[in-house]
Amino acid sequence: MAGLATGQSIVVADKMLEGAGIGVVKGEVTRIDPVAKNVFVSGGDLFSYDKLYLATGASPIMPPIEGIDLDGVMTLRGLPDAEKIKSRIADKEVVNIVLIGAGFISMEIASLLAENMERKLNITVVEFMNRTLPLMLDKDMADLVQSYLEDKGLGILTNQKAEKLLGRNGKVTGVLLGSGETLDADMVVVNVGARGNVELAEQIGLEMGRFGIKVNKYQETSDPDILAGGDCVEKINFITRKPTPGRLRGPAVMQGRLAAKRLAGYDVEFPGVLDAGGCKMFDMTVSATGLSEEHAAREGFETVSATVDSRSKHAMIPGMKPWKIKLVFDKKTQKLLGGQIVSHAVAPAREIDAVTAFILAGKTIAELTTFTSACNPDISSEPSAEPITIAAEQALQKLHQLGRS
Amino acid sequence: MGLRGCDSKEIDVKSGEKLVIVGCSGSGGPAAMLAKKLMPEVDVTVIRKEEFFIVR
């Protein structure tokens, strides 16, 4: 979308696979016979297998609202979708753009269009929930993002439902909101989630979960010769141990590699997902992992949290940018449950990986108060301003005060 | 069919056997590359319908 990379450069090239000695077949699998162990491909080809790995991905959900089929209503999942959006936006008559859903895909499209187009666009994001990036951030952190994006000229409408898409001569012209307000729209981009492509798995009769194909910790399905991974399988949340969609590229890659290791005889288990992810909008980078305070409450956790301001460099270094981290702990076990970062520089957002590691390791509030980070004036805050440590100290103080009250 | 226990070792693919991977995006591509690296003697084939796939 940003034009920073060519389409060809972001795909797994056939020559890379073929160069490694892997056969590449372009075609759609129409049927699998798990008894004869054959895969049938469009055009009539048939491939026999000893082991099969299903990585059929997911497709965007298009909500069943009136007008969803109008010309100019799009989504973004793959490169062809990005090219369609770029082609549409090249039409100078496209000025009013509405994005439905304030997840990271919509937010990045909105900021990239606003940032990279030579002409002024009226861009509005409509979100059903009460905040932007609702699956990543609590409201207090999301409000920082919304305020920043509004200053950049984006319209952000939360607590709003797109009731109907309006059109004329088959082309989209507007979005009718639940409030009764109508937004003019020359283009509408819908990103409200995805659904696993599980038709082949269902046809075979594989055991299914609520969010996709059921697999065990080795990516094995209910058929002993079929493994599956990525967006088409149901994940388990590392903290709650409950089923979750977990449709992010990180787990998809790791599950693919884990399946290969399993087939080669290695004994490595998939630990579950934390839904760690990042999002860049203009010069703001957001990252999150684990449970937000709101999500933790829904899961029945009583939490204690702390939010701390920090710096991308030591305070006296030119180019220093502010960033903020929020950590959420389980009050009962004092274990870290999640983290959220909103940063005006890119690098600090990667500190979320440390938070992920701490969650996976079961680290507690007290343990994090002694965390020592690698510090340097050009690459981090001062050690005394290291925000994970300070957030843990604040949480510890809150617990201490509660214990005394 | 129920999920087998995680201690099963029957899953190993043997030399000369065929591993077919359906889909070659975020999960299928890495599965194919690592499978071939760890088991060069296994016949690995990926079948993909998309010309392009990954956005991020």
# chains A, B, ... in the order shown; residues from 1 in each chain; ligands from 1

call {"tool": "residues_around", "arguments": {"residues": "Asp283 (chain A)", "least_positions_apart": "5", "cutoff": "12 Å", "atoms": "only C-alpha atoms", "output": "MDAnalysis selection string"}}
result
chainID A and resid 108 111:112 115 145 148:149 152 321:323 342:347 349

call {"tool": "residues_around", "arguments": {"residues": "Lys335 (chain A)", "least_positions_apart": "2", "cutoff": "12 Å", "atoms": "only C-alpha atoms", "output": "MDAnalysis selection string"}}
result
chainID A and resid 239 290:291 301:305 327:333 337:338 355 358:368 392 395:396

call {"tool": "closest_atom_pairs", "arguments": {"of": "chain A", "to": "chain B", "cutoff": "6 Å", "atoms": "only C-alpha atoms", "output": "Markdown table"}}
result
| residue | atom | partner | partner_atom | distance |
| --- | --- | --- | --- | --- |
| A:Val11 | CA | B:Ile54 | CA | 6.0 |
| A:Ile22 | CA | B:Val44 | CA | 5.3 |
| A:Gly23 | CA | B:Thr45 | CA | 4.3 |
| A:Val24 | CA | B:Val46 | CA | 5.1 |
| A:Val25 | CA | B:Ile47 | CA | 4.6 |
| A:Lys26 | CA | B:Arg48 | CA | 5.2 |
| A:Gly27 | CA | B:Lys49 | CA | 4.6 |
| A:Glu28 | CA | B:Lys49 | CA | 4.7 |
| A:Tyr49 | CA | B:Lys18 | CA | 5.0 |
| A:Asp50 | CA | B:Lys18 | CA | 5.1 |
| A:Lys51 | CA | B:Leu19 | CA | 4.9 |
| A:Leu52 | CA | B:Val20 | CA | 4.9 |
| A:Tyr53 | CA | B:Ile21 | CA | 4.7 |
| A:Leu54 | CA | B:Val22 | CA | 5.1 |
| A:Ala55 | CA | B:Gly23 | CA | 4.9 |
| A:Thr56 | CA | B:Gly23 | CA | 5.0 |
| A:Gly78 | CA | B:Phe53 | CA | 5.0 |
| A:Leu79 | CA | B:Val55 | CA | 5.8 |
| A:Ser222 | CA | B:Leu3 | CA | 4.4 |
| A:Gly230 | CA | B:Ser27 | CA | 5.3 |
| A:Arg249 | CA | B:Gly26 | CA | 5.9 |
| A:Ala252 | CA | B:Ser27 | CA | 4.7 |
| A:Val253 | CA | B:Ser27 | CA | 4.7 |
| A:Gly256 | CA | B:Ala31 | CA | 4.2 |
| A:Arg257 | CA | B:Ala31 | CA | 4.8 |
| A:Ala260 | CA | B:Ala35 | CA | 4.6 |
| A:Leu263 | CA | B:Asp12 | CA | 4.5 |
| A:Ala264 | CA | B:Asp12 | CA | 5.6 |
| A:Gly265 | CA | B:Asp12 | CA | 5.3 |

call {"tool": "atom_distance", "arguments": {"atom1": "CA of Gly205 (chain A)", "atom2": "CA of Ser59 (chain A)"}}
result
20.6 Å

call {"tool": "atom_distance", "arguments": {"atom1": "CA of Ala357 (chain A)", "atom2": "CA of Ala385 (chain A)"}}
result
20.4 Å

call {"tool": "residues_around", "arguments": {"residues": "region 86-94 of chain A", "least_positions_apart": "5", "cutoff": "12 Å", "atoms": "only C-alpha atoms", "output": "VMD selection string"}}
result
chain A and resid 1 to 3 71 to 76 79 to 81 109 112 to 114 116 to 123 171 to 173 184 to 189

call {"tool": "write_last_selection", "arguments": {"atoms": "N, CA and C atoms", "output": "compact mmCIF listing (two decimals), in the first residue's frame"}}
result
# COMPACT_ATOMS: atom_id res chain seq x y z
N MET A 1 0.82 -1.21 0.00
CA MET A 1 0.00 0.00 0.00
C MET A 1 0.85 1.25 0.00
N ALA A 2 1.96 1.22 0.71
CA ALA A 2 2.80 2.40 0.83
C ALA A 2 3.68 2.60 -0.40
N GLY A 3 3.78 1.58 -1.24
CA GLY A 3 4.67 1.66 -2.39
C GLY A 3 6.13 1.51 -2.01
N ASP A 71 -19.89 -1.35 -6.46
CA ASP A 71 -18.56 -1.06 -6.99
C ASP A 71 -17.91 0.00 -6.09
N GLY A 72 -16.65 -0.22 -5.76
CA GLY A 72 -15.95 0.73 -4.89
C GLY A 72 -15.90 0.28 -3.45
N VAL A 73 -16.53 -0.87 -3.15
CA VAL A 73 -16.44 -1.44 -1.79
C VAL A 73 -15.37 -2.53 -1.83
N MET A 74 -14.36 -2.39 -1.00
CA MET A 74 -13.19 -3.26 -1.08
C MET A 74 -12.79 -3.78 0.29
N THR A 75 -11.82 -4.67 0.27
CA THR A 75 -11.22 -5.15 1.50
C THR A 75 -9.73 -5.30 1.23
N LEU A 76 -8.96 -5.61 2.26
CA LEU A 76 -7.52 -5.82 2.04
C LEU A 76 -7.10 -7.09 2.77
N LEU A 79 -2.17 -9.11 -1.88
CA LEU A 79 -1.63 -8.12 -2.81
C LEU A 79 -2.65 -7.68 -3.87
N PRO A 80 -3.44 -8.59 -4.44
CA PRO A 80 -4.41 -8.12 -5.44
C PRO A 80 -5.38 -7.09 -4.87
N ASP A 81 -5.73 -7.26 -3.58
CA ASP A 81 -6.62 -6.27 -2.95
C ASP A 81 -5.92 -4.92 -2.85
N ILE A 109 -4.05 1.44 6.43
CA ILE A 109 -4.49 1.93 5.11
C ILE A 109 -4.80 3.42 5.20
N LEU A 112 -1.61 5.46 5.48
CA LEU A 112 -0.80 5.42 4.26
C LEU A 112 -1.43 6.25 3.15
N LEU A 113 -2.76 6.17 3.02
CA LEU A 113 -3.42 6.97 1.99
C LEU A 113 -3.26 8.46 2.29
N ALA A 114 -3.45 8.82 3.56
CA ALA A 114 -3.34 10.24 3.93
C ALA A 114 -1.92 10.76 3.74
N ASN A 116 0.52 9.48 1.65
CA ASN A 116 1.19 9.31 0.37
C ASN A 116 0.48 9.90 -0.83
N MET A 117 -0.74 10.38 -0.64
CA MET A 117 -1.45 10.93 -1.79
C MET A 117 -1.14 12.41 -1.93
N GLU A 118 -0.99 12.82 -3.18
CA GLU A 118 -0.67 14.24 -3.41
C GLU A 118 -1.89 15.13 -3.19
N ARG A 119 -3.07 14.57 -3.44
CA ARG A 119 -4.28 15.39 -3.23
C ARG A 119 -4.87 15.11 -1.84
N LYS A 120 -5.65 16.04 -1.38
CA LYS A 120 -6.27 15.91 -0.05
C LYS A 120 -7.43 14.93 -0.12
N LEU A 121 -7.43 13.97 0.80
CA LEU A 121 -8.52 13.01 0.88
C LEU A 121 -9.28 13.21 2.19
N ASN A 122 -10.57 12.98 2.14
CA ASN A 122 -11.36 12.98 3.37
C ASN A 122 -11.50 11.53 3.83
N ILE A 123 -10.75 11.18 4.86
CA ILE A 123 -10.71 9.77 5.29
C ILE A 123 -11.37 9.65 6.66
N LYS A 171 -22.51 2.16 -8.10
CA LYS A 171 -21.27 2.60 -7.43
C LYS A 171 -21.58 3.11 -6.02
N VAL A 172 -20.68 2.85 -5.10
CA VAL A 172 -20.89 3.31 -3.74
C VAL A 172 -20.78 4.83 -3.68
N THR A 173 -21.69 5.42 -2.90
CA THR A 173 -21.67 6.89 -2.76
C THR A 173 -21.67 7.33 -1.30
N ASP A 184 -20.38 10.73 3.05
CA ASP A 184 -20.10 10.60 1.62
C ASP A 184 -18.94 9.63 1.44
N ALA A 185 -19.03 8.79 0.43
CA ALA A 185 -17.95 7.82 0.21
C ALA A 185 -17.81 7.49 -1.27
N ASP A 186 -16.63 7.76 -1.81
CA ASP A 186 -16.32 7.33 -3.18
C ASP A 186 -15.67 5.95 -3.16
N MET A 187 -15.18 5.58 -2.00
CA MET A 187 -14.58 4.26 -1.82
C MET A 187 -14.79 3.84 -0.36
N VAL A 188 -15.14 2.57 -0.17
CA VAL A 188 -15.31 2.03 1.19
C VAL A 188 -14.41 0.81 1.32
N VAL A 189 -13.60 0.78 2.36
CA VAL A 189 -12.72 -0.37 2.59
C VAL A 189 -13.18 -1.04 3.88

call {"tool": "atom_distance", "arguments": {"atom1": "CA of Leu46 (chain A)", "atom2": "CA of Asp225 (chain A)"}}
result
17.5 Å

call {"tool": "select_by_dssp", "arguments": {"residues": "region 71-231 of chain A", "states": "helix (DSSP H, G or I)", "output": "PyMOL selection string"}}
result
chain A and resi 79-89+104-116+139-151+199-204+230-231

call {"tool": "write_last_selection", "arguments": {"atoms": "C-alpha atoms", "output": "PDB file, in the first residue's frame"}}
result
ATOM      1  CA  LEU A  79      -1.631  -8.118  -2.808  1.00  0.00           C
ATOM      2  CA  PRO A  80      -4.413  -8.122  -5.438  1.00  0.00           C
ATOM      3  CA  ASP A  81      -6.625  -6.274  -2.950  1.00  0.00           C
ATOM      4  CA  ALA A  82      -3.886  -3.685  -2.361  1.00  0.00           C
ATOM      5  CA  GLU A  83      -3.509  -3.227  -6.106  1.00  0.00           C
ATOM      6  CA  LYS A  84      -7.271  -2.739  -6.487  1.00  0.00           C
ATOM      7  CA  ILE A  85      -7.247  -0.055  -3.802  1.00  0.00           C
ATOM      8  CA  LYS A  86      -4.272   1.695  -5.403  1.00  0.00           C
ATOM      9  CA  SER A  87      -5.922   1.532  -8.811  1.00  0.00           C
ATOM     10  CA  ARG A  88      -9.159   2.962  -7.454  1.00  0.00           C
ATOM     11  CA  ILE A  89      -7.441   5.729  -5.554  1.00  0.00           C
ATOM     12  CA  PHE A 104      -4.665  -2.419  12.384  1.00  0.00           C
ATOM     13  CA  ILE A 105      -5.352  -3.046   8.685  1.00  0.00           C
ATOM     14  CA  SER A 106      -7.814  -0.157   8.423  1.00  0.00           C
ATOM     15  CA  MET A 107      -5.635   2.154  10.483  1.00  0.00           C
ATOM     16  CA  GLU A 108      -2.569   1.490   8.378  1.00  0.00           C
ATOM     17  CA  ILE A 109      -4.493   1.927   5.109  1.00  0.00           C
ATOM     18  CA  ALA A 110      -5.950   5.204   6.387  1.00  0.00           C
ATOM     19  CA  SER A 111      -2.595   6.613   7.412  1.00  0.00           C
ATOM     20  CA  LEU A 112      -0.801   5.421   4.259  1.00  0.00           C
ATOM     21  CA  LEU A 113      -3.418   6.967   1.992  1.00  0.00           C
ATOM     22  CA  ALA A 114      -3.343  10.237   3.932  1.00  0.00           C
ATOM     23  CA  GLU A 115       0.444  10.277   3.947  1.00  0.00           C
ATOM     24  CA  ASN A 116       1.188   9.305   0.371  1.00  0.00           C
ATOM     25  CA  LYS A 139      -9.456   2.711  25.904  1.00  0.00           C
ATOM     26  CA  ASP A 140      -6.916   4.873  27.748  1.00  0.00           C
ATOM     27  CA  MET A 141      -4.151   3.879  25.309  1.00  0.00           C
ATOM     28  CA  ALA A 142      -6.455   3.929  22.263  1.00  0.00           C
ATOM     29  CA  ASP A 143      -7.498   7.478  23.087  1.00  0.00           C
ATOM     30  CA  LEU A 144      -3.875   8.581  22.564  1.00  0.00           C
ATOM     31  CA  VAL A 145      -3.928   6.991  19.122  1.00  0.00           C
ATOM     32  CA  GLN A 146      -7.261   8.551  18.213  1.00  0.00           C
ATOM     33  CA  SER A 147      -6.154  12.001  19.307  1.00  0.00           C
ATOM     34  CA  TYR A 148      -2.929  11.688  17.277  1.00  0.00           C
ATOM     35  CA  LEU A 149      -4.761  10.526  14.150  1.00  0.00           C
ATOM     36  CA  GLU A 150      -7.370  13.266  14.433  1.00  0.00           C
ATOM     37  CA  ASP A 151      -4.546  15.812  14.622  1.00  0.00           C
ATOM     38  CA  GLU A 199     -13.873 -26.040   3.306  1.00  0.00           C
ATOM     39  CA  LEU A 200     -11.355 -28.756   2.364  1.00  0.00           C
ATOM     40  CA  ALA A 201     -10.882 -29.740   6.011  1.00  0.00           C
ATOM     41  CA  GLU A 202     -14.646 -29.969   6.505  1.00  0.00           C
ATOM     42  CA  GLN A 203     -14.981 -32.029   3.354  1.00  0.00           C
ATOM     43  CA  ILE A 204     -12.403 -34.504   4.676  1.00  0.00           C
ATOM     44  CA  GLY A 230      -1.749 -20.804  10.214  1.00  0.00           C
ATOM     45  CA  ASP A 231      -4.972 -18.878   9.759  1.00  0.00           C
TER      46      ASP A 231
END

call {"tool": "residues_around", "arguments": {"residues": "Cys232 (chain A)", "least_positions_apart": "5", "cutoff": "8 Å", "atoms": "only C-alpha atoms", "output": "list in words"}}
result
Ala55, Thr56, Gly57, Ala58, Arg195, Gly196, Asn197, Val198, Gly212 and Ile213 of chain A

call {"tool": "write_last_selection", "arguments": {"atoms": "N, CA, C and O atoms", "output": "CSV table (one decimal), in the first residue's frame"}}
result
chain,number,residue,atom,x,y,z
A,55,ALA,N,-2.4,-25.5,4.8
A,55,ALA,CA,-2.2,-24.1,5.2
A,55,ALA,C,-3.0,-23.2,4.3
A,55,ALA,O,-2.5,-22.4,3.5
A,56,THR,N,-4.3,-23.4,4.4
A,56,THR,CA,-5.2,-22.8,3.4
A,56,THR,C,-5.6,-21.3,3.8
A,56,THR,O,-6.4,-20.7,3.1
A,57,GLY,N,-5.1,-20.8,4.9
A,57,GLY,CA,-5.3,-19.4,5.2
A,57,GLY,C,-6.7,-19.0,5.6
A,57,GLY,O,-7.5,-19.8,6.1
A,58,ALA,N,-7.0,-17.7,5.4
A,58,ALA,CA,-8.3,-17.2,5.8
A,58,ALA,C,-8.7,-16.2,4.7
A,58,ALA,O,-8.0,-15.7,3.9
A,195,ARG,N,-12.1,-15.1,8.3
A,195,ARG,CA,-12.6,-16.4,8.6
A,195,ARG,C,-11.7,-17.5,7.9
A,195,ARG,O,-11.3,-17.3,6.8
A,196,GLY,N,-11.4,-18.5,8.7
A,196,GLY,CA,-10.5,-19.5,8.1
A,196,GLY,C,-11.0,-20.2,6.9
A,196,GLY,O,-12.3,-20.5,6.8
A,197,ASN,N,-10.2,-20.5,5.9
A,197,ASN,CA,-10.6,-21.3,4.8
A,197,ASN,C,-10.6,-22.8,5.1
A,197,ASN,O,-9.5,-23.4,5.0
A,198,VAL,N,-11.7,-23.3,5.5
A,198,VAL,CA,-11.7,-24.7,6.1
A,198,VAL,C,-12.6,-25.6,5.3
A,198,VAL,O,-12.9,-26.7,5.8
A,212,GLY,N,-11.7,-22.8,13.7
A,212,GLY,CA,-10.9,-23.4,12.6
A,212,GLY,C,-10.6,-24.8,12.9
A,212,GLY,O,-11.2,-25.5,13.8
A,213,ILE,N,-9.7,-25.4,12.1
A,213,ILE,CA,-9.4,-26.8,12.2
A,213,ILE,C,-8.7,-27.0,13.6
A,213,ILE,O,-7.9,-26.3,14.1

call {"tool": "closest_atom_pairs", "arguments": {"of": "region 45-142 of chain A", "to": "region 155-165 of chain A", "cutoff": "6 Å", "atoms": "only C-alpha atoms", "output": "CSV"}}
result
residue,atom,partner,partner_atom,distance
A:Ile65,CA,A:Lys164,CA,5.7
A:Glu66,CA,A:Lys164,CA,5.1
A:Gly67,CA,A:Leu165,CA,4.5
A:Thr124,CA,A:Gly155,CA,4.2
A:Val125,CA,A:Ile156,CA,4.9
A:Val126,CA,A:Leu157,CA,4.9
A:Glu127,CA,A:Thr158,CA,4.7
A:Phe128,CA,A:Gln160,CA,4.8
A:Met129,CA,A:Asn159,CA,5.0
A:Asn130,CA,A:Asn159,CA,4.9
A:Arg131,CA,A:Thr158,CA,5.8

call {"tool": "write_last_selection", "arguments": {"atoms": "N, CA, C and O atoms", "output": "CSV table (one decimal), in the first residue's frame"}}
result
chain,number,residue,atom,x,y,z
A,65,ILE,N,-24.4,-6.5,5.0
A,65,ILE,CA,-25.2,-5.2,5.0
A,65,ILE,C,-25.5,-4.8,3.6
A,65,ILE,O,-24.8,-5.2,2.7
A,66,GLU,N,-26.6,-4.1,3.5
A,66,GLU,CA,-27.1,-3.7,2.2
A,66,GLU,C,-26.0,-2.8,1.5
A,66,GLU,O,-25.4,-2.0,2.1
A,67,GLY,N,-25.7,-3.1,0.2
A,67,GLY,CA,-24.8,-2.3,-0.5
A,67,GLY,C,-23.4,-2.8,-0.5
A,67,GLY,O,-22.5,-2.3,-1.1
A,124,THR,N,-12.3,8.7,6.7
A,124,THR,CA,-13.0,8.5,8.0
A,124,THR,C,-13.0,7.0,8.3
A,124,THR,O,-13.3,6.2,7.5
A,125,VAL,N,-12.7,6.7,9.6
A,125,VAL,CA,-12.7,5.3,10.1
A,125,VAL,C,-13.9,5.2,11.0
A,125,VAL,O,-14.1,6.0,11.9
A,126,VAL,N,-14.7,4.1,10.7
A,126,VAL,CA,-15.9,3.9,11.5
A,126,VAL,C,-15.7,2.6,12.3
A,126,VAL,O,-15.4,1.5,11.7
A,127,GLU,N,-15.9,2.7,13.6
A,127,GLU,CA,-15.6,1.5,14.5
A,127,GLU,C,-16.8,1.3,15.4
A,127,GLU,O,-17.3,2.2,16.0
A,128,PHE,N,-17.3,0.0,15.4
A,128,PHE,CA,-18.4,-0.4,16.2
A,128,PHE,C,-18.1,-0.3,17.7
A,128,PHE,O,-19.0,0.1,18.5
A,129,MET,N,-16.9,-0.6,18.1
A,129,MET,CA,-16.5,-0.5,19.5
A,129,MET,C,-16.2,0.9,19.9
A,129,MET,O,-16.2,1.8,19.1
A,130,ASN,N,-15.8,1.1,21.2
A,130,ASN,CA,-15.6,2.4,21.7
A,130,ASN,C,-14.2,3.0,21.5
A,130,ASN,O,-13.9,4.0,22.1
A,131,ARG,N,-13.4,2.3,20.7
A,131,ARG,CA,-12.0,2.8,20.6
A,131,ARG,C,-11.4,2.2,19.3
A,131,ARG,O,-11.8,1.3,18.7

call {"tool": "residues_around", "arguments": {"residues": "Val215 (chain A)", "least_positions_apart": "5", "cutoff": "10 Å", "atoms": "only C-alpha atoms", "output": "VMD selection string"}}
result
(chain A and resid 206 to 209 220 to 223 226 to 229 233 to 236) or (chain B and resid 3 to 4)

call {"tool": "decode", "arguments": {"residues": "region 90-120 of chain A", "atoms": "C-alpha atoms", "output": "mmCIF file, in the first residue's frame"}}
result
data_model
loop_
_atom_site.group_PDB
_atom_site.id
_atom_site.type_symbol
_atom_site.label_atom_id
_atom_site.label_comp_id
_atom_site.auth_asym_id
_atom_site.auth_seq_id
_atom_site.Cartn_x
_atom_site.Cartn_y
_atom_site.Cartn_z
ATOM 1 C CA ALA A 90 -5.599 6.763 -8.737
ATOM 2 C CA ASP A 91 -8.958 8.115 -9.922
ATOM 3 C CA LYS A 92 -8.771 11.780 -8.946
ATOM 4 C CA GLU A 93 -12.536 11.853 -8.407
ATOM 5 C CA VAL A 94 -12.084 9.582 -5.393
ATOM 6 C CA VAL A 95 -11.889 12.006 -2.489
ATOM 7 C CA ASN A 96 -14.128 10.640 0.258
ATOM 8 C CA ILE A 97 -12.930 7.363 1.739
ATOM 9 C CA VAL A 98 -14.606 5.466 4.559
ATOM 10 C CA LEU A 99 -12.928 2.541 6.304
ATOM 11 C CA ILE A 100 -15.165 0.216 8.274
ATOM 12 C CA GLY A 101 -13.451 -1.349 11.292
ATOM 13 C CA ALA A 102 -10.627 0.303 13.256
ATOM 14 C CA GLY A 103 -8.293 -2.679 13.438
ATOM 15 C CA PHE A 104 -4.665 -2.419 12.384
ATOM 16 C CA ILE A 105 -5.352 -3.046 8.685
ATOM 17 C CA SER A 106 -7.814 -0.157 8.423
ATOM 18 C CA MET A 107 -5.635 2.154 10.483
ATOM 19 C CA GLU A 108 -2.569 1.490 8.378
ATOM 20 C CA ILE A 109 -4.493 1.927 5.109
ATOM 21 C CA ALA A 110 -5.950 5.204 6.387
ATOM 22 C CA SER A 111 -2.595 6.613 7.412
ATOM 23 C CA LEU A 112 -0.801 5.421 4.259
ATOM 24 C CA LEU A 113 -3.418 6.967 1.992
ATOM 25 C CA ALA A 114 -3.343 10.237 3.932
ATOM 26 C CA GLU A 115 0.444 10.277 3.947
ATOM 27 C CA ASN A 116 1.188 9.305 0.371
ATOM 28 C CA MET A 117 -1.454 10.927 -1.795
ATOM 29 C CA GLU A 118 -0.668 14.238 -3.412
ATOM 30 C CA ARG A 119 -4.280 15.387 -3.226
ATOM 31 C CA LYS A 120 -6.269 15.914 -0.052
#
